[in-house]
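Data file: my_file-v1.cif. Format and content: mmCIF, C-alpha atoms and all ligand atoms.
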data_data
loop_
_atom_site.label_atom_id
_atom_site.label_comp_id
_atom_site.auth_asym_id
_atom_site.auth_seq_id
_atom_site.Cartn_x
_atom_site.Cartn_y
_atom_site.Cartn_z
CA MET L 1 31.53 -24.49 -1.26
CA ASN L 2 35.04 -25.68 -2.14
CA LEU L 3 34.55 -29.41 -2.75
CA LEU L 4 38.07 -30.11 -1.48
CA MET L 5 36.92 -29.24 2.05
CA LYS L 6 35.06 -32.55 2.01
CA TYR L 7 38.22 -34.35 0.95
CA GLY L 8 40.48 -33.55 3.90
CA LEU L 9 41.80 -30.16 2.79
CA SER L 10 43.49 -28.23 5.61
CA ASN L 11 45.11 -24.77 5.89
CA ARG L 12 48.55 -26.19 5.51
CA PHE L 13 47.91 -27.27 1.93
CA GLU L 14 45.87 -24.18 1.06
CA ASN L 15 48.82 -22.04 2.14
CA GLU L 16 51.36 -24.00 0.13
CA ALA L 17 49.06 -23.95 -2.90
CA SER L 18 49.02 -20.14 -2.80
CA LEU L 19 52.68 -20.26 -3.88
CA TYR L 20 51.45 -21.35 -7.33
CA PRO L 21 48.90 -18.67 -8.28
CA GLU L 22 48.84 -19.77 -11.92
CA LEU L 23 47.82 -23.38 -11.07
CA SER L 24 44.87 -24.92 -9.23
CA LEU L 25 44.82 -27.25 -6.24
CA ALA L 26 43.55 -30.84 -6.46
CA ARG L 27 43.74 -34.05 -4.44
CA ILE L 28 44.41 -37.48 -5.89
CA THR L 29 41.59 -39.89 -5.05
CA ALA L 30 42.60 -42.90 -7.17
CA GLN L 31 45.24 -44.08 -9.58
CA TYR L 32 45.23 -46.55 -12.43
CA ARG L 33 47.69 -47.29 -15.22
CA GLY L 34 49.36 -43.90 -15.46
CA LEU L 35 46.11 -42.00 -15.02
CA TYR L 36 44.96 -40.30 -11.86
CA LYS L 37 41.49 -39.57 -10.59
CA ILE L 38 41.50 -36.19 -8.87
CA VAL L 39 39.06 -33.89 -7.17
CA THR L 40 39.29 -30.11 -7.53
CA ALA L 41 37.39 -27.28 -5.87
CA SER L 42 34.59 -27.82 -8.39
CA GLY L 43 34.47 -31.52 -9.25
CA GLU L 44 36.10 -34.83 -10.14
CA ARG L 45 38.23 -35.35 -13.22
CA GLN L 46 41.14 -37.29 -14.66
CA ALA L 47 44.74 -36.15 -14.70
CA GLU L 48 48.16 -37.19 -15.90
CA LEU L 49 51.71 -36.18 -15.03
CA SER L 50 53.27 -33.28 -16.89
CA GLY L 51 56.28 -34.32 -18.98
CA LYS L 52 58.55 -32.26 -16.76
CA LEU L 53 57.35 -33.83 -13.50
CA ARG L 54 57.62 -37.34 -14.95
CA HIS L 55 61.12 -36.62 -16.17
CA GLU L 56 62.32 -35.00 -12.95
CA THR L 57 60.96 -37.66 -10.59
CA LYS L 58 63.68 -40.26 -10.14
CA GLU L 59 62.38 -42.15 -7.14
CA LEU L 60 59.25 -44.31 -7.14
CA ALA L 61 58.28 -43.00 -3.70
CA LYS L 62 58.20 -39.42 -4.99
CA PHE L 63 55.56 -40.05 -7.68
CA PRO L 64 52.12 -38.68 -6.87
CA THR L 65 49.94 -41.19 -5.07
CA VAL L 66 46.47 -41.43 -3.56
CA GLY L 67 46.08 -38.72 -0.92
CA ASP L 68 48.60 -36.32 -2.41
CA PHE L 69 47.66 -32.69 -2.86
CA VAL L 70 48.87 -31.56 -6.29
CA MET L 71 48.96 -28.43 -8.43
CA ILE L 72 47.30 -28.82 -11.82
CA SER L 73 46.50 -26.97 -15.02
CA PRO L 74 43.80 -27.79 -17.57
CA ASN L 75 44.98 -29.61 -20.69
CA ALA L 76 43.68 -29.38 -24.25
CA ASP L 77 42.51 -33.05 -24.34
CA GLY L 78 40.34 -32.60 -21.24
CA ASN L 79 42.60 -34.39 -18.74
CA ALA L 80 44.33 -32.09 -16.26
CA LEU L 81 48.12 -31.97 -16.00
CA ILE L 82 49.87 -32.47 -12.65
CA HIS L 83 52.87 -30.15 -12.21
CA HIS L 84 53.76 -30.29 -8.50
CA VAL L 85 53.21 -32.52 -5.50
CA LEU L 86 52.74 -30.45 -2.34
CA THR L 87 54.95 -31.27 0.63
CA ARG L 88 53.65 -34.46 2.22
CA LYS L 89 52.85 -34.52 5.89
CA SER L 90 53.08 -38.29 5.94
CA ILE L 91 53.72 -41.10 3.47
CA PHE L 92 52.93 -44.77 3.85
CA LEU L 93 55.41 -46.87 1.86
CA ARG L 94 55.68 -50.53 1.04
CA THR L 95 58.49 -52.39 -0.65
CA ALA L 96 57.46 -52.78 -4.26
CA VAL L 97 56.80 -56.24 -5.62
CA GLY L 98 59.29 -57.05 -8.36
CA VAL L 99 61.14 -53.75 -8.15
CA SER L 100 64.19 -54.25 -6.01
CA ASP L 101 65.12 -51.70 -3.36
CA GLN L 102 62.43 -49.25 -4.35
CA ALA L 103 59.73 -48.32 -1.88
CA GLN L 104 56.31 -47.76 -3.40
CA PRO L 105 53.97 -45.09 -2.03
CA VAL L 106 50.67 -46.48 -0.75
CA ALA L 107 48.96 -43.38 0.62
CA ALA L 108 50.02 -39.81 1.35
CA ASN L 109 48.98 -37.16 3.86
CA ILE L 110 47.28 -39.53 6.24
CA ASP L 111 46.76 -38.45 9.84
CA THR L 112 45.61 -41.82 11.15
CA VAL L 113 46.43 -45.32 9.94
CA PHE L 114 43.76 -47.78 10.97
CA LEU L 115 45.65 -51.06 11.20
CA CYS L 116 42.96 -53.69 10.86
CA MET L 117 43.31 -57.24 12.05
CA SER L 118 40.42 -59.63 12.45
CA LEU L 119 39.89 -61.55 15.65
CA ASN L 120 39.43 -64.92 13.96
CA HIS L 121 42.20 -66.79 12.16
CA ASN L 122 43.83 -63.61 10.83
CA PHE L 123 44.88 -62.76 14.40
CA LYS L 124 48.66 -62.80 14.63
CA LEU L 125 50.68 -60.57 16.91
CA SER L 126 53.86 -60.70 14.83
CA ARG L 127 51.94 -59.37 11.82
CA LEU L 128 50.62 -56.52 13.91
CA GLU L 129 54.10 -55.65 15.16
CA ARG L 130 55.33 -55.45 11.61
CA TYR L 131 52.43 -53.25 10.51
CA LEU L 132 52.96 -51.02 13.53
CA SER L 133 56.61 -50.48 12.70
CA VAL L 134 55.86 -49.47 9.15
CA ALA L 135 52.98 -47.28 10.30
CA TRP L 136 55.05 -45.35 12.83
CA ASP L 137 57.60 -44.73 10.14
CA SER L 138 55.01 -43.14 7.86
CA GLY L 139 54.50 -40.08 10.03
CA ALA L 140 50.84 -40.93 10.65
CA THR L 141 49.49 -42.19 13.97
CA PRO L 142 48.49 -45.87 13.98
CA VAL L 143 45.27 -46.96 15.65
CA ILE L 144 44.68 -50.68 15.95
CA ILE L 145 41.27 -51.99 14.95
CA LEU L 146 40.44 -55.54 15.91
CA THR L 147 37.58 -56.51 13.63
CA LYS L 148 35.04 -59.34 13.78
CA ALA L 149 34.78 -59.21 17.55
CA ASP L 150 31.69 -61.43 17.18
CA LEU L 151 33.97 -64.31 16.12
CA CYS L 152 36.28 -64.03 19.09
CA VAL L 153 35.90 -66.38 22.05
CA ASP L 154 37.92 -64.42 24.59
CA LEU L 155 37.83 -60.75 23.63
CA SER L 156 39.49 -59.32 26.72
CA GLN L 157 42.39 -61.73 26.44
CA ALA L 158 42.93 -60.82 22.79
CA VAL L 159 42.81 -57.11 23.58
CA SER L 160 45.31 -57.37 26.42
CA GLN L 161 47.66 -59.37 24.19
CA VAL L 162 47.45 -56.63 21.59
CA GLU L 163 47.90 -53.88 24.16
CA ARG L 164 51.15 -55.46 25.27
CA VAL L 165 52.69 -55.09 21.82
CA SER L 166 51.29 -51.63 21.11
CA SER L 167 52.17 -49.37 24.01
CA PHE L 168 51.65 -46.13 22.06
CA SER L 169 48.52 -46.94 20.07
CA ASP L 170 44.83 -46.96 20.82
CA VAL L 171 43.13 -50.33 20.42
CA ILE L 172 39.51 -50.52 19.21
CA THR L 173 37.31 -53.55 18.68
CA THR L 174 34.52 -53.61 16.13
CA SER L 175 31.88 -55.95 14.78
CA VAL L 176 29.34 -55.58 11.98
CA TYR L 177 26.70 -56.61 14.46
CA GLU L 178 27.32 -53.61 16.69
CA SER L 179 26.37 -50.10 15.73
CA ASP L 180 29.02 -48.20 17.68
CA ALA L 181 31.83 -48.52 15.12
CA VAL L 182 30.96 -45.13 13.62
CA LYS L 183 31.19 -43.49 17.02
CA LYS L 184 34.46 -45.22 17.91
CA LEU L 185 36.21 -44.37 14.65
CA GLY L 186 34.59 -40.94 14.33
CA LEU L 187 36.90 -39.63 17.04
CA TYR L 188 39.77 -39.88 14.57
CA LEU L 189 37.92 -38.52 11.54
CA LYS L 190 37.58 -34.80 12.13
CA PRO L 191 37.13 -32.43 9.16
CA GLY L 192 40.45 -31.65 7.47
CA THR L 193 41.94 -35.03 8.38
CA THR L 194 42.49 -38.27 6.48
CA ALA L 195 42.65 -41.87 7.65
CA ALA L 196 43.82 -44.93 5.73
CA PHE L 197 42.63 -48.49 6.32
CA ILE L 198 45.43 -51.03 6.08
CA GLY L 199 45.37 -54.77 6.76
CA SER L 200 45.15 -58.24 5.24
CA SER L 201 42.51 -59.07 2.68
CA GLY L 202 39.15 -60.01 4.13
CA VAL L 203 39.53 -58.48 7.58
CA GLY L 204 36.65 -56.09 6.94
CA LYS L 205 38.20 -52.77 5.90
CA SER L 206 35.62 -51.96 3.21
CA THR L 207 32.81 -53.15 5.47
CA LEU L 208 33.86 -50.56 8.06
CA ILE L 209 34.16 -47.78 5.48
CA ASN L 210 30.66 -48.57 4.21
CA LYS L 211 29.42 -48.16 7.77
CA LEU L 212 31.17 -44.81 8.09
CA MET L 213 29.69 -43.65 4.79
CA GLY L 214 26.24 -44.81 5.79
CA THR L 215 25.73 -46.55 2.43
CA GLU L 216 27.02 -49.65 0.69
CA VAL L 217 29.37 -47.81 -1.67
CA LEU L 218 32.13 -50.40 -1.61
CA ALA L 219 32.03 -54.05 -2.61
CA THR L 220 32.85 -56.42 0.23
CA GLY L 221 33.75 -60.05 -0.10
CA GLU L 222 33.91 -63.41 1.59
CA ILE L 223 37.00 -64.16 3.56
CA GLY L 224 37.18 -67.61 1.96
CA LYS L 225 37.65 -65.91 -1.37
CA ALA L 226 40.27 -63.62 0.05
CA ASP L 227 42.17 -66.57 1.50
CA LYS L 228 42.69 -67.93 -1.97
CA GLY L 229 44.58 -64.81 -2.81
CA ARG L 230 41.86 -62.69 -4.37
CA HIS L 231 41.09 -59.24 -3.12
CA THR L 232 37.68 -57.68 -3.11
CA THR L 233 39.10 -54.17 -3.16
CA THR L 234 41.49 -53.91 -6.09
CA GLY L 235 42.79 -50.36 -5.89
CA ARG L 236 43.34 -47.63 -3.36
CA GLU L 237 40.69 -44.95 -3.25
CA LEU L 238 39.96 -41.85 -1.19
CA PHE L 239 36.39 -41.07 -0.12
CA PRO L 240 34.77 -38.16 1.72
CA LEU L 241 32.77 -39.08 4.83
CA PRO L 242 29.57 -37.53 6.19
CA CYS L 243 31.39 -36.82 9.49
CA GLY L 244 33.85 -34.49 7.74
CA GLY L 245 37.08 -36.48 7.42
CA ALA L 246 38.33 -38.43 4.41
CA VAL L 247 39.29 -42.12 4.28
CA ILE L 248 41.44 -44.22 1.98
CA ASP L 249 40.44 -47.84 1.35
CA THR L 250 43.28 -50.15 0.33
CA PRO L 251 43.40 -53.75 -0.90
CA GLY L 252 44.82 -56.23 1.59
CA MET L 253 48.58 -56.10 1.53
CA ARG L 254 50.28 -59.42 1.44
CA GLU L 255 53.76 -58.39 2.36
CA LEU L 256 54.33 -55.03 3.85
CA GLY L 257 58.05 -54.37 3.51
CA ALA L 258 59.75 -53.69 6.79
CA GLU L 259 62.11 -51.26 5.13
CA SER L 260 63.20 -48.42 7.39
CA VAL L 261 61.15 -49.40 10.39
CA ASP L 262 60.99 -47.41 13.56
CA LEU L 263 61.84 -50.05 16.13
CA SER L 264 62.08 -47.53 18.92
CA LYS L 265 58.32 -46.89 18.90
CA SER L 266 56.87 -50.35 18.41
CA PHE L 267 59.49 -52.03 20.61
CA ASP L 268 60.12 -49.20 23.03
CA ASP L 269 60.14 -51.58 26.00
CA ILE L 270 62.94 -53.72 24.54
CA GLU L 271 64.88 -50.72 23.24
CA THR L 272 64.70 -49.11 26.68
CA LEU L 273 65.97 -52.28 28.32
CA ALA L 274 68.71 -52.59 25.71
CA ALA L 275 69.97 -49.13 26.54
CA GLY L 276 70.82 -50.44 30.00
CA CYS L 277 72.88 -53.43 28.79
CA LYS L 278 76.49 -53.52 29.95
CA PHE L 279 77.86 -53.54 26.42
CA ALA L 280 76.76 -50.93 23.92
CA ASN L 281 76.82 -53.51 21.09
CA CYS L 282 75.00 -56.18 23.12
CA THR L 283 73.17 -58.67 20.90
CA HIS L 284 71.00 -59.83 23.83
CA THR L 285 71.92 -63.46 23.25
CA ASN L 286 74.54 -64.43 25.84
CA GLU L 287 76.42 -61.32 27.00
CA PRO L 288 76.91 -60.69 30.71
CA GLY L 289 75.04 -57.70 32.13
CA CYS L 290 72.28 -57.97 29.50
CA GLU L 291 69.13 -56.23 30.73
CA VAL L 292 67.03 -57.78 27.96
CA ARG L 293 67.90 -61.39 28.98
CA GLN L 294 67.31 -60.40 32.60
CA ALA L 295 63.83 -59.05 31.77
CA LEU L 296 63.14 -62.25 29.84
CA SER L 297 64.01 -64.49 32.77
CA ASP L 298 62.04 -62.22 35.11
CA GLY L 299 59.02 -62.64 32.84
CA VAL L 300 58.82 -58.88 32.09
CA ILE L 301 58.99 -59.57 28.36
CA ASP L 302 58.26 -62.82 26.60
CA GLN L 303 60.32 -64.84 24.16
CA ARG L 304 57.81 -64.45 21.34
CA ARG L 305 58.03 -60.67 21.46
CA LEU L 306 61.82 -60.77 21.63
CA ASN L 307 61.87 -63.05 18.58
CA SER L 308 59.70 -60.59 16.66
CA TYR L 309 62.10 -57.84 17.61
CA PHE L 310 65.11 -59.83 16.38
CA LYS L 311 63.32 -60.77 13.19
CA LEU L 312 62.28 -57.25 12.33
CA LYS L 313 65.69 -55.87 13.17
CA GLN L 314 67.31 -58.39 10.89
CA GLU L 315 64.86 -57.81 8.04
CA ALA L 316 65.35 -54.09 8.24
CA GLY L 317 69.07 -54.55 7.67
CA TYR L 318 69.88 -53.32 11.12
CA ASP L 319 70.97 -56.71 12.42
CA GLY L 320 73.75 -56.48 14.97
CA LEU L 321 73.55 -52.69 15.24
CA ASN L 322 72.77 -50.83 18.42
CA SER L 323 70.27 -47.98 18.39
CA LYS L 324 72.88 -45.29 17.78
CA GLN L 325 74.25 -47.19 14.79
CA ILE L 326 70.70 -47.67 13.55
CA GLU L 327 70.21 -43.93 13.65
CA VAL L 328 73.34 -43.42 11.58
CA LYS L 329 72.16 -46.06 9.12
CA LYS L 330 68.81 -44.30 8.83
CA LEU L 331 70.48 -40.97 8.19
CA GLU L 332 72.62 -42.67 5.59
CA ARG L 333 69.51 -43.87 3.77
CA MET L 334 67.84 -40.51 4.15
CA PHE L 335 70.75 -38.66 2.67
CA GLN L 336 71.60 -41.06 -0.11
CA GLU L 337 69.82 -38.89 -2.61
CA VAL L 338 71.29 -35.57 -1.49
CA GLY L 339 74.98 -36.22 -1.28
CA GLY L 340 75.51 -39.34 0.79
CA MET L 341 77.32 -39.93 4.03
CA LYS L 342 79.23 -36.67 4.10
CA ASN L 343 75.99 -34.76 4.59
CA ALA L 344 74.66 -37.36 6.97
CA ARG L 345 77.68 -36.96 9.26
CA LYS L 346 77.33 -33.22 9.23
CA PHE L 347 73.63 -33.52 10.02
CA ALA L 348 74.24 -35.98 12.84
CA LYS L 349 76.90 -33.71 14.35
CA GLU L 350 74.55 -30.74 14.31
CA LYS L 351 71.80 -32.80 15.83
CA ARG L 352 74.11 -33.90 18.64
CA ARG L 353 75.15 -30.33 19.29
CA GLN L 354 71.51 -29.30 19.64
CA LYS L 355 70.88 -31.92 22.33
N1 LIG J 1 31.51 -62.13 11.24
C1 LIG J 1 31.92 -60.95 10.76
N2 LIG J 1 32.18 -60.79 9.45
C2 LIG J 1 32.60 -59.60 8.99
C3 LIG J 1 32.78 -58.49 9.86
N3 LIG J 1 33.23 -57.44 9.11
C4 LIG J 1 33.31 -57.88 7.85
N4 LIG J 1 32.94 -59.17 7.75
C5 LIG J 1 32.89 -59.98 6.53
O1 LIG J 1 34.20 -60.25 6.07
C6 LIG J 1 34.24 -60.32 4.66
C7 LIG J 1 35.33 -59.44 4.08
O2 LIG J 1 35.03 -58.07 4.34
P1 LIG J 1 35.61 -56.89 3.45
O3 LIG J 1 35.12 -55.62 4.06
O4 LIG J 1 35.37 -57.10 2.01
O5 LIG J 1 37.17 -57.05 3.72
P2 LIG J 1 38.39 -56.13 3.16
O6 LIG J 1 39.32 -55.98 4.32
O7 LIG J 1 37.87 -54.89 2.56
O8 LIG J 1 39.07 -57.08 2.07
P3 LIG J 1 39.92 -56.69 0.75
O9 LIG J 1 39.14 -55.64 0.02
O10 LIG J 1 40.06 -57.95 -0.01
O11 LIG J 1 41.25 -56.18 1.26
C8 LIG J 1 32.83 -59.94 4.19
O12 LIG J 1 32.12 -61.10 3.87
C9 LIG J 1 32.22 -59.24 5.37
O13 LIG J 1 30.83 -59.37 5.43
C10 LIG J 1 32.48 -58.68 11.28
O14 LIG J 1 32.58 -57.78 12.12
N5 LIG J 1 32.06 -59.93 11.66
MG MG J 2 38.06 -54.12 0.67
ZN ZN J 3 71.59 -57.00 25.95
#

Taking this structure as input, can you express it in the form of structure tokens?
Amino acid sequence: MNLLMKYGLSNRFENEASLYPELSLARITAQYRGLYKIVTASGERQAELSGKLRHETKELAKFPTVGDFVMISPNADGNALIHHVLTRKSIFLRTAVGVSDQAQPVAANIDTVFLCMSLNHNFKLSRLERYLSVAWDSGATPVIILTKADLCVDLSQAVSQVERVSSFSDVITTSVYESDAVKKLGLYLKPGTTAAFIGSSGVGKSTLINKLMGTEVLATGEIGKADKGRHTTTGRELFPLPCGGAVIDTPGMRELGAESVDLSKSFDDIETLAAGCKFANCTHTNEPGCEVRQALSDGVIDQRRLNSYFKLKQEAGYDGLNSKQIEVKKLERMFQEVGGMKNARKFAKEKRRQK
């Protein structure tokens, strides 16, 4: 059997790989100091970038990362050489620490992002909103996992709070003391799919993955340790699961950059209200005919959620822009590498015509 079938391989990638008959298909399972751990049809091995690929890749986000399907050739020294990265179906990015303006790839080709938050003192709705925005932007579907349900005093209240900020996502609660986690998460882990676990250190990501694997493969740690800034999981790694799907474990991410966030999905209620404001450039602070302020005074939305919306909008560099302007700004960013605003305008015009 092709080993890659256990590692989330689907037809889409098999088809694209057939365009390179002289190379073989592999998936990146881990990455450390310039070296990659990959799995091929027949087994695991190490790989490095070909000189050409390294030279031609200008953007940090375009470098191969965990979850990428790549085309390789054997190399004399035993390590394989990576020549191409197959077209990604999704990419989870974070703003790199210490490298300004460059987004760093966290995981590629993920179908589901399990956003984990624990129900004890890690519980913070604004954090979840931020994670949700970044997740929607990745192209994968976020599913919210509230961990450590055993430590929560009022579970139904916590869940309804979370449901209010996550209109499009499923919400799941788990606890190590209950055995149904595998069943709950298994729904999202069909063969040929990949899920990534994202969330602060110590919320129980590796604990859940161990449960899914049915063995204690991964080290798990004490939350006290994690609070002091140490992570139990130190690198990202992709694992095959008995149920057929593949999962990526990640270390807790301190600051997930809010770069290029999709506000329309995680704040769809506010964005919908905003569309009805009297002025197209309404800032929802003191303008007459503001639907957002109206909803606030009617108790339809609360101040905390509105503050999160403002904060995220500001951080994303979209402060003071309405949703149409945000779209233009996004296009601008998207097209920076392929010819700038001229192309973006053309693209936007065509898109408008299609509507
Ligand atoms: N009470 C309780 N503790 C849990 C639960 N799940 C995990 N823990 C504990 O929380 C601690 C951290 O769990 P990990 O799985 O290592 O957390 P992690 O998210 O992988 O952390 P990093 O690898 O640092 O990002 C461990 O001591 C676990 O035993 C739970 O449902 N209830
Ligand atoms: Mg871990
Ligand atoms: Zn308004």

Two-atom distance - CA of Asp302 in chain L, CA of Leu125 in chain L (Å) =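 Calculated distance between CA of Asp302 in chain L and CA of Leu125 in chain L is 12.5 Å.
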
Find the residues near ligand MG 2 (chain J). Use a cut-off of 7 Å, count all atoms listed in the file, and write them as a short mmCIF file (atom, residue, chain, number, x, y, z; two decimals) with C-alpha atoms, in the frame of the given file.
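Output contents, as saved in part34.cif:
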data_model
loop_
_atom_site.label_atom_id
_atom_site.label_comp_id
_atom_site.auth_asym_id
_atom_site.auth_seq_id
_atom_site.Cartn_x
_atom_site.Cartn_y
_atom_site.Cartn_z
CA SER L 201 42.51 -59.07 2.68
CA GLY L 202 39.15 -60.01 4.13
CA GLY L 204 36.65 -56.09 6.94
CA LYS L 205 38.20 -52.77 5.90
CA SER L 206 35.62 -51.96 3.21
CA ALA L 219 32.03 -54.05 -2.61
CA THR L 220 32.85 -56.42 0.23
CA THR L 232 37.68 -57.68 -3.11
CA THR L 233 39.10 -54.17 -3.16
CA ASP L 249 40.44 -47.84 1.35
CA THR L 250 43.28 -50.15 0.33
CA PRO L 251 43.40 -53.75 -0.90
#

Between L:Ser50, L:Ser200, L:Asn2, L:Ser160, which one has atoms that come closest to ligand LIG 1 (chain J), using only C-alpha atoms and all ligand atoms?
->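 Of L:Ser50, L:Ser200, L:Asn2, L:Ser160, the one nearest ligand LIG 1 (chain J), counting only C-alpha atoms and all ligand atoms, is L:Ser200.
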
Just give me the gap between CA of Ala295 in chain L and CA of Glu271 in chain L in Å, one decimal is fine.
->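 Between CA of Ala295 in chain L and CA of Glu271 in chain L the gap works out to 12.0 Å.
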
Of the candidates L:Tyr188, L:Phe197, L:Phe114, L:Phe63, which one gets nearest to ligand LIG 1 (chain J) if we count all atoms listed in the file?
->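 With all atoms listed in the file as the atom set, the closest residue is L:Phe197.
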
Name the closest residue to ligand LIG 1 (chain J) among the candidates L:Asp269, L:Glu163, L:Glu216, L:Asp150; distances are taken between atoms, counting all atoms listed in the file.
-> L:Asp150
